[in-house]
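*Asks:* data.txt is reproduced below (compact mmCIF, C-alpha atoms).
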```
# COMPACT_ATOMS: atom_id res chain seq x y z
CA MET A 1 -31.94 0.53 -42.34
CA THR A 2 -35.18 0.92 -44.26
CA GLY A 3 -38.70 1.10 -42.89
CA MET A 4 -40.63 3.38 -40.57
CA LEU A 5 -39.61 4.56 -37.13
CA ARG A 6 -41.82 3.23 -34.34
CA LYS A 7 -45.13 5.11 -34.20
CA ASP A 8 -44.80 5.63 -30.45
CA LEU A 9 -41.20 6.79 -30.70
CA PHE A 10 -41.83 10.43 -29.81
CA ASP A 11 -44.60 9.91 -27.27
CA GLY A 12 -44.11 11.07 -23.72
CA VAL A 13 -41.81 14.07 -24.32
CA ASP A 14 -43.41 17.51 -24.03
CA ALA A 15 -43.50 19.47 -27.29
CA GLU A 16 -42.01 22.46 -25.46
CA THR A 17 -38.97 20.59 -24.13
CA GLY A 18 -35.85 21.79 -25.89
CA VAL A 19 -32.33 20.42 -26.08
CA THR A 20 -30.27 23.44 -25.02
CA ALA A 21 -33.15 25.80 -24.19
CA LYS A 22 -35.51 25.85 -21.22
CA ALA A 23 -38.83 24.06 -21.60
CA GLY A 24 -41.67 26.38 -22.54
CA THR A 25 -39.52 28.96 -24.30
CA THR A 26 -39.81 29.73 -28.01
CA LYS A 27 -36.27 28.44 -28.51
CA GLY A 28 -37.19 25.22 -26.70
CA ARG A 29 -40.22 24.72 -28.95
CA ILE A 30 -38.08 25.33 -32.03
CA GLU A 31 -35.52 22.77 -30.91
CA ARG A 32 -38.15 20.13 -30.14
CA ALA A 33 -39.96 20.67 -33.45
CA ALA A 34 -36.68 20.52 -35.38
CA LEU A 35 -35.50 17.49 -33.46
CA MET A 36 -38.60 15.48 -34.27
CA LEU A 37 -38.62 16.53 -37.92
CA PHE A 38 -34.90 15.81 -38.34
CA ALA A 39 -35.28 12.42 -36.66
CA ARG A 40 -38.13 11.48 -38.99
CA HIS A 41 -36.94 12.97 -42.27
CA GLY A 42 -33.26 13.87 -41.91
CA MET A 43 -31.92 17.41 -42.04
CA ASP A 44 -31.86 17.47 -45.83
CA GLY A 45 -35.56 16.61 -45.89
CA VAL A 46 -36.68 19.46 -43.65
CA SER A 47 -36.87 23.21 -44.34
CA ILE A 48 -36.75 26.20 -42.01
CA LYS A 49 -40.34 26.94 -43.06
CA GLN A 50 -41.44 23.46 -41.94
CA ILE A 51 -39.77 23.87 -38.57
CA ALA A 52 -41.33 27.30 -38.07
CA GLY A 53 -44.74 25.96 -39.07
CA ALA A 54 -44.45 23.01 -36.69
CA CYS A 55 -44.00 25.31 -33.69
CA GLY A 56 -46.36 28.05 -34.86
CA ILE A 57 -43.94 30.90 -35.51
CA SER A 58 -42.78 32.88 -38.54
CA ASP A 59 -39.64 32.19 -40.54
CA GLY A 60 -38.27 35.49 -39.27
CA ALA A 61 -38.75 34.42 -35.66
CA MET A 62 -36.77 31.28 -36.44
CA TYR A 63 -33.82 33.32 -37.66
CA ARG A 64 -33.84 35.43 -34.51
CA HIS A 65 -32.90 32.30 -32.59
CA PHE A 66 -30.80 30.37 -35.13
CA LYS A 67 -28.91 31.81 -38.09
CA SER A 68 -29.47 28.67 -40.19
CA LYS A 69 -30.87 25.17 -40.16
CA ASP A 70 -27.33 23.77 -39.99
CA ALA A 71 -26.50 25.97 -36.99
CA LEU A 72 -29.63 24.69 -35.24
CA GLY A 73 -28.73 21.08 -35.97
CA ARG A 74 -25.10 21.57 -34.96
CA GLN A 75 -26.03 23.18 -31.63
CA MET A 76 -28.40 20.35 -30.75
CA PHE A 77 -25.95 17.68 -31.87
CA GLU A 78 -23.12 19.04 -29.72
CA ALA A 79 -25.44 19.35 -26.72
CA ILE A 80 -26.59 15.73 -27.08
CA HIS A 81 -23.00 14.60 -27.57
CA ALA A 82 -21.97 16.38 -24.37
CA ARG A 83 -24.96 14.95 -22.51
CA LEU A 84 -23.96 11.42 -23.47
CA GLU A 85 -20.40 11.99 -22.30
CA SER A 86 -21.67 13.40 -19.00
CA LEU A 87 -23.94 10.39 -18.51
CA VAL A 88 -20.82 8.23 -18.81
CA THR A 89 -18.27 10.21 -16.81
CA ASP A 90 -20.67 11.18 -14.00
CA ASN A 91 -21.17 7.49 -13.24
CA LEU A 92 -17.54 6.41 -13.23
CA ALA A 93 -15.53 6.10 -10.04
CA PRO A 94 -11.78 6.86 -10.07
CA GLY A 95 -9.81 3.86 -11.30
CA ALA A 96 -12.82 2.36 -13.11
CA SER A 97 -12.07 -0.84 -14.98
CA LEU A 98 -12.56 -1.30 -18.72
CA GLU A 99 -15.71 -3.30 -17.95
CA ASP A 100 -17.01 -0.49 -15.73
CA ILE A 101 -16.47 1.95 -18.59
CA ALA A 102 -18.17 -0.35 -21.08
CA ARG A 103 -21.17 -0.66 -18.75
CA ALA A 104 -21.34 3.11 -18.19
CA LEU A 105 -21.26 3.76 -21.95
CA THR A 106 -23.96 1.17 -22.49
CA ARG A 107 -26.17 2.66 -19.79
CA ALA A 108 -25.72 6.16 -21.21
CA TYR A 109 -26.81 5.22 -24.73
CA CYS A 110 -29.69 3.07 -23.47
CA HIS A 111 -30.86 5.80 -21.09
CA LEU A 112 -30.96 8.42 -23.84
CA ALA A 113 -32.69 6.02 -26.25
CA GLU A 114 -35.46 5.45 -23.70
CA THR A 115 -35.88 8.87 -22.09
CA ASP A 116 -35.69 10.96 -25.27
CA PRO A 117 -35.82 8.78 -28.39
CA ALA A 118 -35.94 11.81 -30.69
CA GLN A 119 -32.62 13.04 -29.32
CA PHE A 120 -31.16 9.57 -29.68
CA ALA A 121 -32.48 9.06 -33.21
CA PHE A 122 -31.15 12.45 -34.31
CA HIS A 123 -27.74 11.80 -32.76
CA LEU A 124 -27.51 8.31 -34.24
CA THR A 125 -28.48 9.32 -37.76
CA HIS A 126 -26.51 12.58 -37.95
CA ARG A 127 -23.32 11.75 -36.06
CA ASN A 128 -21.21 11.15 -39.15
CA TYR A 129 -22.68 14.21 -40.88
CA PHE A 130 -21.58 16.64 -38.20
CA ILE A 131 -18.28 15.05 -37.25
CA ALA A 132 -17.21 14.86 -40.88
CA ALA A 133 -18.19 18.51 -41.43
CA SER A 134 -16.58 20.18 -38.44
CA GLY A 135 -15.71 17.83 -35.63
CA ASP A 136 -17.55 16.60 -32.59
CA GLY A 137 -17.61 19.78 -30.52
CA GLY A 138 -15.11 18.45 -28.00
CA ALA A 139 -17.26 15.80 -26.33
CA ASP A 140 -17.41 12.30 -27.75
CA PRO A 141 -18.11 9.09 -25.80
CA SER A 142 -16.48 7.05 -28.57
CA ASP A 143 -13.21 8.96 -28.03
CA LEU A 144 -13.40 8.02 -24.36
CA MET A 145 -13.91 4.37 -25.30
CA THR A 146 -10.97 4.43 -27.72
CA ALA A 147 -8.67 5.95 -25.10
CA CYS A 148 -9.72 3.35 -22.53
CA VAL A 149 -9.19 0.53 -25.02
CA ALA A 150 -5.71 1.85 -25.81
CA ASP A 151 -4.87 1.99 -22.10
CA ALA A 152 -6.17 -1.54 -21.56
CA MET A 153 -4.01 -2.83 -24.43
CA ALA A 154 -0.94 -1.08 -23.01
CA ARG A 155 -1.57 -2.78 -19.64
CA GLY A 156 -1.94 -6.17 -21.31
CA GLU A 157 -5.56 -6.44 -20.16
CA ILE A 158 -6.81 -7.14 -23.69
CA PRO A 159 -4.98 -8.25 -26.87
CA ARG A 160 -3.17 -5.57 -28.83
CA GLY A 161 -4.66 -4.20 -32.03
CA ASP A 162 -6.13 -1.08 -33.58
CA ALA A 163 -7.76 0.81 -30.70
CA GLU A 164 -10.14 2.69 -33.01
CA LEU A 165 -11.29 -0.52 -34.69
CA LYS A 166 -11.81 -2.30 -31.37
CA SER A 167 -13.74 0.68 -30.02
CA ALA A 168 -15.94 0.84 -33.12
CA MET A 169 -16.69 -2.88 -32.97
CA ALA A 170 -17.47 -2.70 -29.26
CA LEU A 171 -19.81 0.29 -29.53
CA GLY A 172 -21.47 -1.31 -32.53
CA VAL A 173 -22.90 -3.90 -30.13
CA VAL A 174 -25.05 -1.18 -28.56
CA MET A 175 -25.58 1.15 -31.50
CA GLN A 176 -26.90 -1.47 -33.89
CA ALA A 177 -29.28 -2.81 -31.27
CA ALA A 178 -30.43 0.74 -30.53
CA GLU A 179 -31.14 1.32 -34.21
CA TYR A 180 -33.21 -1.87 -34.30
CA SER A 181 -35.12 -0.56 -31.28
CA LEU A 182 -35.94 2.71 -33.06
CA TYR A 183 -37.56 0.72 -35.86
CA GLY A 184 -39.48 -1.59 -33.52
CA ARG A 185 -37.38 -4.67 -34.17
CA ILE A 186 -36.52 -4.93 -30.47
CA ALA A 187 -39.59 -4.57 -28.29
CA ARG A 188 -38.25 -4.45 -24.73
CA PRO A 189 -36.55 -1.34 -23.31
CA LEU A 190 -32.82 -1.38 -24.04
CA THR A 191 -31.96 -0.99 -20.35
CA HIS A 192 -33.11 -4.60 -19.91
CA TYR A 193 -30.05 -5.63 -21.90
CA VAL A 194 -27.29 -3.56 -20.27
CA ASP A 195 -25.58 -6.63 -18.80
CA ASP A 196 -25.90 -8.53 -22.09
CA PHE A 197 -24.42 -5.61 -24.02
CA THR A 198 -21.56 -5.26 -21.53
CA ARG A 199 -20.67 -8.96 -21.75
CA ALA A 200 -20.76 -8.77 -25.55
CA ILE A 201 -18.54 -5.67 -25.59
CA MET A 202 -15.98 -7.31 -23.35
CA ALA A 203 -16.04 -10.44 -25.52
CA VAL A 204 -15.35 -8.29 -28.59
CA LEU A 205 -12.47 -6.49 -26.88
CA HIS A 206 -10.89 -9.75 -25.76
CA THR A 207 -11.13 -11.47 -29.12
CA ALA A 208 -10.98 -8.79 -31.83
```
Could you write out this structure as structure tokens?
*Replies:*
Amino acid sequence: MTGMLRKDLFDGVDAETGVTAKAGTTKGRIERAALMLFARHGMDGVSIKQIAGACGISDGAMYRHFKSKDALGRQMFEAIHARLESLVTDNLAPGASLEDIARALTRAYCHLAETDPAQFAFHLTHRNYFIAASGDGGADPSDLMTACVADAMARGEIPRGDAELKSAMALGVVMQAAEYSLYGRIARPLTHYVDDFTRAIMAVLHTA
């Protein structure tokens, strides 16, 4: 998608709030500065010097915390990935239905998009980059969705097909809308649409 990210996208999150580090620490400030720069310009468009400058430290201080820009990005990505999975699994009761799982996934993505848009934007735009390079770090909500879709097909709850394709199409309902939100094409908070997203996901799974 072309265009500019919403001007208010990074408002409301303290500049000292990290991703893996405690708020107020040097590492936390580095992570927040990198996160916002990566979200705006992509990792390839940002240098270590720019990150250091954005949080008021030297290049050398940067390297005391992270051995490289890629290591910094990878650590944040895996932490965000794990956070998303926790947001899903922590809100699922034993024996949850496919619809319950779809709603929990939807709520997790919408919650992250609203509470920390920089984290969401970074995760959304760099997911393929990191997974293609070295895997997902062991926590991936889309893997959970694929497994649940496969189980539902085996039970005869939804039509048989390619579980990965069905999962991708279902999650696309939320992810594409979230991308539109980042660019200001959807004005209302995404959590207003959780029920709409869930119905759409279930429709996809029953017809795809």
*Asks:* Using only C-alpha atoms, which protein or nucleic acid residues come within 12 Å of Ile30 (chain A)? Drop anything in the same chain fewer than 2 positions from it, and give the result as a PyMOL selection string.
*Replies:* chain A and resi 15-28+32-38+48-59+61-66+69+72-73+76
*Asks:* Put those residues in a file: C-alpha atoms, as a CSV table (one decimal), in the coordinates of the input.
*Replies:*
```csv
chain,number,residue,atom,x,y,z
A,15,ALA,CA,-43.5,19.5,-27.3
A,16,GLU,CA,-42.0,22.5,-25.5
A,17,THR,CA,-39.0,20.6,-24.1
A,18,GLY,CA,-35.8,21.8,-25.9
A,19,VAL,CA,-32.3,20.4,-26.1
A,20,THR,CA,-30.3,23.4,-25.0
A,21,ALA,CA,-33.2,25.8,-24.2
A,22,LYS,CA,-35.5,25.8,-21.2
A,23,ALA,CA,-38.8,24.1,-21.6
A,24,GLY,CA,-41.7,26.4,-22.5
A,25,THR,CA,-39.5,29.0,-24.3
A,26,THR,CA,-39.8,29.7,-28.0
A,27,LYS,CA,-36.3,28.4,-28.5
A,28,GLY,CA,-37.2,25.2,-26.7
A,32,ARG,CA,-38.2,20.1,-30.1
A,33,ALA,CA,-40.0,20.7,-33.4
A,34,ALA,CA,-36.7,20.5,-35.4
A,35,LEU,CA,-35.5,17.5,-33.5
A,36,MET,CA,-38.6,15.5,-34.3
A,37,LEU,CA,-38.6,16.5,-37.9
A,38,PHE,CA,-34.9,15.8,-38.3
A,48,ILE,CA,-36.8,26.2,-42.0
A,49,LYS,CA,-40.3,26.9,-43.1
A,50,GLN,CA,-41.4,23.5,-41.9
A,51,ILE,CA,-39.8,23.9,-38.6
A,52,ALA,CA,-41.3,27.3,-38.1
A,53,GLY,CA,-44.7,26.0,-39.1
A,54,ALA,CA,-44.4,23.0,-36.7
A,55,CYS,CA,-44.0,25.3,-33.7
A,56,GLY,CA,-46.4,28.0,-34.9
A,57,ILE,CA,-43.9,30.9,-35.5
A,58,SER,CA,-42.8,32.9,-38.5
A,59,ASP,CA,-39.6,32.2,-40.5
A,61,ALA,CA,-38.8,34.4,-35.7
A,62,MET,CA,-36.8,31.3,-36.4
A,63,TYR,CA,-33.8,33.3,-37.7
A,64,ARG,CA,-33.8,35.4,-34.5
A,65,HIS,CA,-32.9,32.3,-32.6
A,66,PHE,CA,-30.8,30.4,-35.1
A,69,LYS,CA,-30.9,25.2,-40.2
A,72,LEU,CA,-29.6,24.7,-35.2
A,73,GLY,CA,-28.7,21.1,-36.0
A,76,MET,CA,-28.4,20.4,-30.8
```
*Asks:* Please indicate the distance in Å from CA of Gln75 (chain A) to CA of Tyr109 (chain A), rounded to one decimal place.
*Replies:*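 About the pair CA of Gln75 (chain A) and CA of Tyr109 (chain A): they are 19.3 Å apart.
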*Asks:* Any idea what the distance is between CA of Ile201 (chain A) and CA of Ala170 (chain A)?
*Replies:*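 Interatomic distance, CA of Ile201 (chain A) to CA of Ala170 (chain A): 4.8 Å.
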*Asks:* Could you jot down the CA of Ser97 (chain A) to CA of Met175 (chain A) separation for me, Å, one decimal place?
*Replies:*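 Here the two named atoms are 21.4 Å from each other.
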